[in-house]
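S.K.: Provided herewith: model_18.txt, compact mmCIF, C-alpha atoms.
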```txt
# COMPACT_ATOMS: atom_id res chain seq x y z
CA MET A 6 -0.80 -14.94 12.32
CA ASP A 7 -3.48 -17.20 13.83
CA ASN A 8 -2.63 -20.25 15.92
CA THR A 9 -5.05 -22.69 17.48
CA LYS A 10 -3.89 -25.16 20.12
CA GLU A 11 -6.02 -27.07 22.59
CA GLY A 12 -8.93 -24.74 21.99
CA MET A 13 -6.85 -21.59 22.47
CA HIS A 14 -6.92 -18.89 19.79
CA HIS A 15 -3.83 -16.67 19.50
CA CYS A 16 -3.14 -13.80 17.17
CA LYS A 17 -0.74 -10.88 16.89
CA PHE A 18 -1.68 -7.44 15.58
CA GLU A 19 0.72 -4.51 15.30
CA VAL A 20 0.06 -0.91 14.30
CA PRO A 21 1.82 2.42 14.84
CA GLU A 22 0.30 5.39 16.65
CA ILE A 23 -2.49 6.57 14.33
CA ILE A 24 -3.80 10.14 14.01
CA PHE A 25 -6.65 10.70 11.56
CA GLY A 26 -8.79 13.74 10.80
CA ARG A 27 -9.43 16.62 8.45
CA GLY A 28 -7.08 19.55 8.94
CA LEU A 29 -4.58 17.54 10.96
CA LEU A 30 -1.65 18.09 8.63
CA SER A 31 -1.15 21.06 10.96
CA GLN A 32 0.12 18.57 13.55
CA ILE A 33 2.99 17.28 11.42
CA GLY A 34 5.62 19.36 13.24
CA VAL A 35 4.20 18.53 16.66
CA CYS A 36 4.41 14.83 15.85
CA ALA A 37 8.07 15.12 14.82
CA ARG A 38 8.85 17.09 17.96
CA ARG A 39 7.14 14.51 20.19
CA LEU A 40 9.54 11.92 18.80
CA GLY A 41 12.49 14.00 19.98
CA GLY A 42 13.25 15.60 16.63
CA HIS A 43 15.08 18.89 16.20
CA LYS A 44 15.89 18.79 12.49
CA VAL A 45 13.30 17.18 10.20
CA PHE A 46 14.22 15.45 6.94
CA LEU A 47 11.04 15.88 4.87
CA VAL A 48 10.74 13.34 2.04
CA SER A 49 8.20 14.19 -0.67
CA ASP A 50 7.82 14.65 -4.44
CA GLN A 51 7.37 17.37 -7.01
CA GLY A 52 3.64 16.72 -7.42
CA LEU A 53 2.95 17.48 -3.76
CA PHE A 54 5.15 20.57 -4.02
CA ASP A 55 3.17 21.80 -7.04
CA ALA A 56 -0.12 21.17 -5.22
CA GLY A 57 1.00 23.37 -2.33
CA TRP A 58 1.07 20.68 0.37
CA VAL A 59 4.84 20.68 0.82
CA ASP A 60 4.83 24.41 1.58
CA LYS A 61 2.09 23.86 4.16
CA ALA A 62 4.05 21.02 5.76
CA LEU A 63 7.23 23.13 5.88
CA LYS A 64 5.28 25.93 7.54
CA TYR A 65 3.76 23.64 10.19
CA ILE A 66 7.12 22.03 10.95
CA MET A 67 8.81 25.39 11.45
CA GLU A 68 5.89 26.64 13.57
CA ALA A 69 6.61 23.70 15.88
CA GLY A 70 10.08 25.16 16.45
CA LEU A 71 11.96 22.64 14.31
CA GLU A 72 14.49 23.00 11.53
CA VAL A 73 13.63 21.24 8.29
CA VAL A 74 15.41 19.96 5.19
CA LEU A 75 13.34 19.15 2.08
CA TYR A 76 14.23 16.14 -0.05
CA ASP A 77 11.78 16.00 -2.94
CA GLY A 78 13.74 13.89 -5.41
CA ILE A 79 11.29 10.96 -5.29
CA THR A 80 9.63 9.60 -8.42
CA SER A 81 6.84 7.08 -8.94
CA ASN A 82 7.96 3.60 -7.84
CA PRO A 83 10.86 4.88 -5.69
CA LYS A 84 14.29 3.95 -7.00
CA ASP A 85 17.28 2.51 -5.16
CA HIS A 86 19.49 5.46 -6.13
CA GLU A 87 16.90 7.95 -4.79
CA VAL A 88 16.98 6.17 -1.44
CA THR A 89 20.79 6.07 -1.37
CA ARG A 90 21.04 9.76 -2.23
CA GLY A 91 18.46 10.61 0.43
CA ALA A 92 20.34 8.71 3.14
CA LEU A 93 23.58 10.53 2.28
CA GLU A 94 21.76 13.88 2.39
CA TYR A 95 20.14 13.04 5.75
CA VAL A 96 23.57 12.40 7.27
CA ARG A 97 25.15 15.43 5.61
CA GLN A 98 22.41 17.72 6.94
CA GLY A 99 22.56 16.31 10.48
CA ALA A 100 18.85 15.51 10.57
CA ASP A 101 17.39 13.45 13.41
CA VAL A 102 13.81 12.59 12.37
CA ILE A 103 12.27 11.59 9.02
CA VAL A 104 8.84 12.68 7.78
CA GLY A 105 7.42 11.11 4.62
CA LEU A 106 4.69 13.13 2.90
CA GLY A 107 3.10 11.64 -0.21
CA GLY A 108 1.81 8.45 -1.74
CA GLY A 109 3.42 5.05 -1.41
CA SER A 110 6.49 6.21 -3.33
CA SER A 111 7.46 8.99 -0.92
CA MET A 112 6.58 6.96 2.16
CA ASP A 113 8.45 3.84 1.02
CA ALA A 114 11.41 6.02 0.08
CA ALA A 115 11.34 7.56 3.57
CA LYS A 116 11.42 4.03 5.02
CA GLY A 117 14.32 3.07 2.74
CA ILE A 118 16.27 6.18 3.73
CA ALA A 119 15.68 5.38 7.40
CA ILE A 120 16.98 1.82 6.89
CA LEU A 121 20.22 2.97 5.25
CA VAL A 122 20.81 5.80 7.73
CA SER A 123 20.92 3.40 10.67
CA ASN A 124 22.10 0.16 9.04
CA GLY A 125 24.33 1.25 6.15
CA GLY A 126 25.04 -0.74 3.01
CA ARG A 127 22.73 -0.91 0.00
CA ILE A 128 18.95 -1.18 0.08
CA GLN A 129 19.32 -4.53 -1.71
CA ASP A 130 20.89 -5.89 1.49
CA TYR A 131 17.54 -5.78 3.30
CA VAL A 132 15.25 -7.71 0.96
CA GLY A 133 12.89 -10.19 2.60
CA PRO A 134 11.78 -10.55 6.22
CA ASP A 135 13.67 -9.47 9.32
CA SER A 136 17.02 -8.53 7.77
CA ILE A 137 17.30 -5.16 9.55
CA ILE A 138 19.40 -5.22 12.72
CA ARG A 139 19.61 -1.64 14.05
CA PRO A 140 16.63 0.54 15.04
CA LEU A 141 15.55 3.20 12.56
CA PRO A 142 15.44 6.97 13.20
CA PRO A 143 12.09 8.37 14.37
CA LEU A 144 9.63 8.20 11.47
CA VAL A 145 6.35 10.01 10.75
CA LEU A 146 4.39 9.11 7.60
CA CYS A 147 1.61 11.23 6.10
CA PRO A 148 -0.34 9.64 3.21
CA THR A 149 -1.66 11.89 0.46
CA THR A 150 -3.51 9.25 -1.59
CA CYS A 151 -6.32 6.84 -0.78
CA GLY A 152 -4.73 3.46 -1.21
CA THR A 153 -1.13 2.77 -0.31
CA GLY A 154 -1.34 1.69 3.34
CA SER A 155 2.41 2.28 3.63
CA ASP A 156 1.79 4.63 6.56
CA VAL A 157 0.83 1.69 8.80
CA SER A 158 2.53 -1.27 7.13
CA GLN A 159 5.61 -3.33 7.91
CA PHE A 160 6.64 -3.25 4.22
CA ALA A 161 8.79 -1.06 2.02
CA ILE A 162 8.86 -1.58 -1.77
CA ILE A 163 11.83 -0.12 -3.64
CA ASN A 164 12.78 -0.46 -7.32
CA ASP A 165 16.13 -2.05 -8.13
CA THR A 166 16.96 -0.09 -11.28
CA GLU A 167 19.77 -2.40 -12.38
CA GLN A 168 17.74 -5.62 -12.13
CA ARG A 169 14.49 -3.83 -13.11
CA CYS A 170 12.56 -5.45 -10.29
CA LYS A 171 10.85 -4.43 -7.07
CA LEU A 172 12.54 -5.20 -3.78
CA THR A 173 10.20 -6.20 -0.95
CA ILE A 174 11.47 -5.37 2.54
CA MET A 175 9.46 -6.69 5.46
CA ASN A 176 10.27 -5.84 9.06
CA ARG A 177 8.35 -4.55 12.06
CA CYS A 178 10.76 -1.63 12.42
CA VAL A 179 9.85 -0.14 9.01
CA ALA A 180 6.36 0.67 10.28
CA PRO A 181 6.44 4.34 11.33
CA ASP A 182 6.25 5.63 14.88
CA ILE A 183 3.30 7.82 13.88
CA SER A 184 0.83 7.60 10.98
CA LEU A 185 -0.83 10.98 10.37
CA THR A 186 -3.70 11.18 7.85
CA ASP A 187 -5.42 14.39 6.78
CA PRO A 188 -8.17 13.53 4.23
CA ASP A 189 -8.30 17.18 3.10
CA ILE A 190 -5.12 16.54 1.11
CA LEU A 191 -7.07 14.26 -1.24
CA ALA A 192 -8.93 17.30 -2.60
CA THR A 193 -6.07 17.99 -5.04
CA LEU A 194 -5.61 14.35 -6.10
CA PRO A 195 -6.37 13.94 -9.84
CA GLU A 196 -9.34 11.74 -10.79
CA GLU A 197 -7.05 9.08 -12.27
CA PHE A 198 -5.15 8.71 -9.01
CA VAL A 199 -8.29 8.65 -6.88
CA CYS A 200 -9.28 5.60 -8.93
CA THR A 201 -5.94 3.79 -8.97
CA THR A 202 -5.08 4.38 -5.33
CA ALA A 203 -8.59 3.35 -4.22
CA THR A 204 -8.23 0.14 -6.22
CA ASP A 205 -4.94 -0.41 -4.40
CA ALA A 206 -6.85 -0.23 -1.10
CA LEU A 207 -9.46 -2.57 -2.56
CA SER A 208 -6.80 -5.12 -3.49
CA HIS A 209 -5.14 -4.81 -0.07
CA ALA A 210 -8.44 -5.50 1.68
CA LEU A 211 -9.44 -8.43 -0.53
CA GLU A 212 -6.07 -10.13 -0.37
CA ALA A 213 -5.78 -9.57 3.38
CA PHE A 214 -9.25 -11.10 3.84
CA PHE A 215 -8.34 -14.21 1.82
CA SER A 216 -4.80 -14.57 3.19
CA VAL A 217 -3.91 -17.81 4.96
CA ALA A 218 -2.45 -15.61 7.72
CA SER A 219 -5.69 -13.65 8.26
CA THR A 220 -7.19 -13.47 11.74
CA SER A 221 -10.38 -12.17 13.29
CA LEU A 222 -8.58 -8.86 13.86
CA THR A 223 -7.39 -8.44 10.27
CA ASP A 224 -10.77 -9.53 8.89
CA VAL A 225 -12.55 -6.75 10.79
CA HIS A 226 -10.35 -4.12 9.15
CA ALA A 227 -10.46 -5.75 5.71
CA ILE A 228 -14.26 -5.85 5.66
CA LYS A 229 -14.52 -2.28 6.96
CA ALA A 230 -12.21 -1.15 4.14
CA LEU A 231 -14.31 -3.01 1.57
CA ARG A 232 -17.53 -1.41 2.84
CA LEU A 233 -16.00 2.07 2.58
CA VAL A 234 -14.55 1.52 -0.90
CA SER A 235 -17.79 -0.02 -2.11
CA GLN A 236 -19.79 2.95 -0.84
CA SER A 237 -17.51 5.76 -2.00
CA MET A 238 -15.00 4.87 -4.74
CA VAL A 239 -17.15 5.61 -7.79
CA ALA A 240 -18.63 8.79 -6.31
CA ALA A 241 -15.20 10.00 -5.21
CA VAL A 242 -13.77 9.52 -8.70
CA ARG A 243 -16.69 11.25 -10.45
CA GLU A 244 -17.63 13.98 -7.98
CA HIS A 245 -14.64 14.45 -5.64
CA ARG A 246 -16.93 15.10 -2.67
CA PRO A 247 -15.03 15.59 0.63
CA GLU A 248 -17.09 12.95 2.47
CA ASP A 249 -16.35 10.30 -0.17
CA LEU A 250 -12.65 11.13 -0.21
CA GLU A 251 -12.58 10.87 3.57
CA ASN A 252 -14.19 7.44 3.34
CA LEU A 253 -11.47 6.33 0.94
CA ALA A 254 -8.78 7.66 3.28
CA ARG A 255 -10.35 5.60 6.06
CA ALA A 256 -10.52 2.59 3.75
CA SER A 257 -6.83 2.90 2.98
CA LEU A 258 -6.05 3.01 6.69
CA HIS A 259 -8.16 -0.05 7.53
CA ALA A 260 -6.84 -2.01 4.55
CA GLY A 261 -3.29 -1.10 5.51
CA MET A 262 -3.75 -2.37 9.05
CA ALA A 263 -5.23 -5.58 7.67
CA PHE A 264 -2.57 -6.47 5.11
CA SER A 265 0.35 -5.37 7.28
CA ASN A 266 -0.63 -8.12 9.71
CA SER A 267 -2.06 -10.78 7.37
CA LEU A 268 0.11 -10.12 4.29
CA LEU A 269 -1.16 -10.39 0.71
CA GLY A 270 -1.42 -12.79 -2.23
CA ILE A 271 -1.05 -13.40 -5.95
CA VAL A 272 -2.21 -9.94 -7.09
CA HIS A 273 0.78 -8.32 -5.42
CA ALA A 274 3.15 -11.17 -6.25
CA LEU A 275 2.40 -10.49 -9.93
CA ALA A 276 2.15 -6.71 -9.63
CA HIS A 277 5.63 -6.28 -8.17
CA PRO A 278 7.59 -7.70 -11.15
CA ILE A 279 5.31 -5.84 -13.59
CA GLY A 280 5.90 -2.57 -11.76
CA GLY A 281 9.63 -3.21 -11.58
CA LEU A 282 9.98 -3.99 -15.29
CA TYR A 283 7.70 -1.29 -16.70
CA ASP A 284 7.75 1.37 -13.95
CA ALA A 285 3.94 1.20 -14.20
CA ASN A 286 1.37 2.58 -11.76
CA HIS A 287 0.89 0.01 -8.99
CA GLY A 288 -2.83 0.67 -8.48
CA SER A 289 -3.50 0.28 -12.21
CA ILE A 290 -1.77 -3.09 -12.24
CA ASN A 291 -3.78 -4.26 -9.24
CA ALA A 292 -7.07 -3.16 -10.82
CA ILE A 293 -6.29 -5.25 -13.90
CA LEU A 294 -5.15 -8.37 -12.05
CA LEU A 295 -7.67 -8.38 -9.21
CA PRO A 296 -10.74 -9.82 -10.99
CA GLU A 297 -8.77 -12.73 -12.45
CA VAL A 298 -7.02 -13.56 -9.18
CA ILE A 299 -10.29 -13.42 -7.22
CA LYS A 300 -11.84 -15.90 -9.66
CA TYR A 301 -8.80 -18.13 -9.18
CA ASP A 302 -9.04 -17.94 -5.36
CA ILE A 303 -12.81 -18.38 -5.02
CA PRO A 304 -12.84 -22.23 -5.05
CA VAL A 305 -10.75 -22.39 -1.85
CA VAL A 306 -12.36 -19.54 0.13
CA ALA A 307 -16.04 -20.53 -0.12
CA GLU A 308 -16.72 -20.12 3.61
CA LYS A 309 -15.67 -16.44 3.52
CA LEU A 310 -17.65 -15.43 0.42
CA PRO A 311 -20.97 -14.47 2.08
CA GLU A 312 -19.18 -12.05 4.41
CA LEU A 313 -17.19 -10.71 1.46
CA ALA A 314 -20.39 -10.17 -0.55
CA TRP A 315 -21.79 -8.22 2.40
CA GLY A 316 -18.59 -6.19 2.56
CA LEU A 317 -19.07 -5.26 -1.09
CA GLY A 318 -22.57 -3.99 -0.38
CA HIS A 319 -24.77 -7.01 -1.04
CA ARG A 320 -26.47 -9.66 1.04
CA ALA A 321 -25.98 -13.16 -0.35
CA ASP A 322 -28.54 -15.92 0.24
CA GLY A 323 -26.01 -17.94 2.21
CA SER A 324 -24.82 -20.21 -0.58
CA ALA A 325 -21.22 -20.01 -1.74
CA ASP A 326 -22.27 -20.09 -5.40
CA ASN A 327 -24.57 -17.12 -4.99
CA ALA A 328 -21.97 -15.19 -3.02
CA ALA A 329 -19.27 -15.95 -5.59
CA GLU A 330 -21.46 -14.59 -8.37
CA ILE A 331 -22.21 -11.43 -6.38
CA VAL A 332 -18.52 -10.87 -5.57
CA GLU A 333 -17.42 -11.21 -9.20
CA GLU A 334 -20.23 -9.03 -10.55
CA ARG A 335 -19.83 -6.33 -7.92
CA LEU A 336 -16.07 -6.15 -8.37
CA ASP A 337 -16.34 -5.84 -12.15
CA ALA A 338 -19.07 -3.20 -11.86
CA MET A 339 -17.06 -1.07 -9.42
CA LEU A 340 -13.90 -1.14 -11.52
CA GLU A 341 -15.82 -0.34 -14.70
CA ALA A 342 -17.76 2.53 -13.13
CA ALA A 343 -14.57 4.02 -11.67
CA ARG A 344 -12.94 3.88 -15.12
CA ALA A 345 -10.11 1.66 -13.94
CA PRO A 346 -7.77 0.15 -16.55
CA ARG A 347 -8.86 -3.38 -17.48
CA SER A 348 -6.02 -4.97 -19.47
CA LEU A 349 -2.27 -5.31 -19.12
CA ARG A 350 -1.76 -4.31 -22.74
CA SER A 351 -3.44 -0.97 -22.00
CA ILE A 352 -0.61 -0.04 -19.60
CA GLY A 353 2.17 -1.11 -21.94
CA VAL A 354 2.87 -4.70 -20.89
CA LYS A 355 4.27 -6.83 -23.73
CA LYS A 356 2.96 -10.35 -24.27
CA GLU A 357 6.44 -11.77 -24.79
CA ASP A 358 7.37 -10.70 -21.25
CA LEU A 359 4.57 -12.65 -19.55
CA PRO A 360 6.54 -15.91 -19.00
CA GLU A 361 9.40 -14.04 -17.29
CA LEU A 362 6.95 -12.08 -15.14
CA ALA A 363 5.30 -15.32 -14.00
CA LYS A 364 8.70 -16.77 -13.11
CA LYS A 365 9.64 -13.70 -11.04
CA ALA A 366 6.28 -13.71 -9.24
CA LEU A 367 7.01 -17.19 -7.87
CA LYS A 368 9.86 -15.68 -5.84
CA ASP A 369 7.81 -12.82 -4.38
CA VAL A 370 7.11 -13.04 -0.63
CA CYS A 371 3.41 -12.20 -1.16
CA ILE A 372 2.73 -15.53 -2.84
CA VAL A 373 3.41 -17.39 0.42
CA THR A 374 0.12 -16.28 1.98
CA SER A 375 -2.08 -16.80 -1.08
CA PRO A 376 -5.08 -18.99 -0.14
CA ARG A 377 -4.60 -21.00 -3.31
CA GLN A 378 -1.04 -21.86 -4.22
CA ALA A 379 0.07 -21.47 -7.81
CA ASP A 380 2.91 -22.71 -9.96
CA GLU A 381 4.52 -20.89 -12.87
CA LYS A 382 1.96 -22.27 -15.32
CA ASP A 383 -0.95 -21.02 -13.19
CA LEU A 384 0.58 -17.55 -12.90
CA LEU A 385 1.20 -17.35 -16.63
CA ALA A 386 -2.43 -18.30 -17.28
CA LEU A 387 -3.61 -15.49 -14.98
CA LEU A 388 -1.40 -12.99 -16.78
CA GLU A 389 -2.66 -14.14 -20.15
CA ARG A 390 -6.28 -13.75 -19.09
CA ALA A 391 -5.54 -10.25 -17.79
CA PHE A 392 -3.61 -9.30 -20.93
```
Let me see the file written as structure tokens.
M.R.:
Amino acid sequence: MDNTKEGMHHCKFEVPEIIFGRGLLSQIGVCARRLGGHKVFLVSDQGLFDAGWVDKALKYIMEAGLEVVLYDGITSNPKDHEVTRGALEYVRQGADVIVGLGGGSSMDAAKGIAILVSNGGRIQDYVGPDSIIRPLPPLVLCPTTCGTGSDVSQFAIINDTEQRCKLTIMNRCVAPDISLTDPDILATLPEEFVCTTATDALSHALEAFFSVASTSLTDVHAIKALRLVSQSMVAAVREHRPEDLENLARASLHAGMAFSNSLLGIVHALAHPIGGLYDANHGSINAILLPEVIKYDIPVVAEKLPELAWGLGHRADGSADNAAEIVEERLDAMLEAARAPRSLRSIGVKKEDLPELAKKALKDVCIVTSPRQADEKDLLALLERAF
């Protein structure tokens, strides 16, 4: 957060150790060993197993001289019972380091397992900021999509299956010890998920840039992420070229560093209850909500719009009105060209649920750092326009 006092400018910026490069999945075992691990608990999902990446990871971990236990019972939008079961298995197997390989679901599940292993209880006990007391086991996270940012963030998002809502856990200790990104893994990512995970990175960058807790350090990473997404998202979806996919992996990393330190806004405050109720794809929800929320925020962020327009690949004439028009047009064009979903009804949201979703969004931690505050009526209006 930024503080100014008597002309002094102060800000805090935290990130894990970051390793990025094509072919570097081969270092996954070395990373776990550097953290003192002897028996790795590898958290992943069936999709990564089917694509062959889990077998590669197991091979690299064993080549580093480590034992390994595979836990691949993670589904989209990781569930509380999956985390609980994983923590019990970690203890039963006598593991001593956790590696999360996958998208946000596998990585957030790995974080949740780490929390329960060292702190006990239920994952519901750790909702909100700074509720974790004991240090977590060593943690390595390896993203396999181009949007989540979980591999560098201080957040974990877990589904409460009984309440049908998403639990937001925020604590410095849930950021991993090492973030390891190999863009080559994106080669097997289906077109649909290239689009929806890239739009997740886009929403992270935009909300981090507008956040009331943004700083000069977070803005640098947010704008860099926006430049990379703007240059490569459409081409990556349509052509799957390695250089475009690598750009999106970099964008995800920069956006993750930005939002982990500046937090987010109304897009995520609304997306979390929708995802919890419908078990819907998080990136799809963000793609639908983002244009409406940006229009809502624009009146209070005029001074940042020219830089944002530049980040999206255009040079505004310096006026806020011109920049606002460019931002809205460019955002719509990108989402349309990438074939992103454009309405809540298209992903199964029911109109009669909108009032309850608006009410739940008011309680989400992400709304605190929105540049323009909203009440329940405002949130319902945004949902209706996105419907």
S.K.: What's the 8 Å shell around Leu191 in chain A, counting all atoms listed in the file, without same-chain residues fewer than 6 positions away, as JSON, numbers by chain?
M.R.: {"A": [149, 150, 151, 250]}
S.K.: Residues within 8 Å of Ser123 in chain A, please, as a list in words. Count all atoms listed in the file; anything in the same chain fewer than 6 positions from it doesn't count.
M.R.: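 Everything that qualifies: Arg139, Pro140, Leu141 and Pro142 of chain A.
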S.K.: Show me, as a ChimeraX atom specification, the residues that have an atom within 7 Å of range 199-213 of chain A when counting only C-alpha atoms, minus same-chain residues fewer than 4 positions from it.
M.R.: /A:150-153,194-195,219,227,230-231,234,238,242,253,256-257,260-261,263-264,267-270,288-289,291-292,295,343,345
S.K.: Rounded to one decimal, what separation in Å do you get between CA of Leu258 in chain A and CA of Tyr131 in chain A?
M.R.: 25.4 Å
S.K.: Distance CA of Leu146 in chain A-CA of Gly105 in chain A, one decimal place?
M.R.: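 Computed distance, CA of Leu146 in chain A to CA of Gly105 in chain A, equals 4.7 Å.
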S.K.: Point out the residue among A:Val48, A:Val179, A:Cys16, A:Ala338 with the least atom-to-atom distance to Thr220 in chain A, counting all atoms listed in the file.
M.R.: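 Nearest to Thr220 in chain A: A:Cys16.
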S.K.: Could you give me, as a ChimeraX atom specification, the residues that sit within 10 Å of (-13.8, -17.9, -2.1) in the file's coordinates, counting only C-alpha atoms?
M.R.: /A:215,299-311,313,325-326,328-329,332,376-377
S.K.: Please provide as number ranges by chain all residues within 10 Å of Ser81 in chain A, with the sequence filter that same-chain residues fewer than 2 positions apart are discarded (counting only C-alpha atoms).
M.R.: A: 50, 79, 83-84, 108-111, 164, 284-287
S.K.: CA of Thr89 in chain A to CA of Ile120 in chain A: how many Å, to one decimal?
M.R.: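 Interatomic distance here is 10.0 Å.
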S.K.: Set the distance at 9 Å and use all atoms listed in the file: which residues neighbour Lys116 in chain A once local chain neighbours fewer than 2 positions away are removed? I'd like the list as a list in words.
M.R.: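 Here the answer would be Val88, Ile103, Gly105, Ser111, Met112, Asp113, Ala114, Ile118, Ala119, Ile120, Leu121, Leu141, Leu144, Phe160, Ala161, Val179, Ala180 and Pro181 of chain A.
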S.K.: Measuring atom to atom with all atoms listed in the file, identify which of A:Lys368, A:His277, A:His226, A:Arg97 is nearest to Arg169 in chain A.
M.R.: A:His277
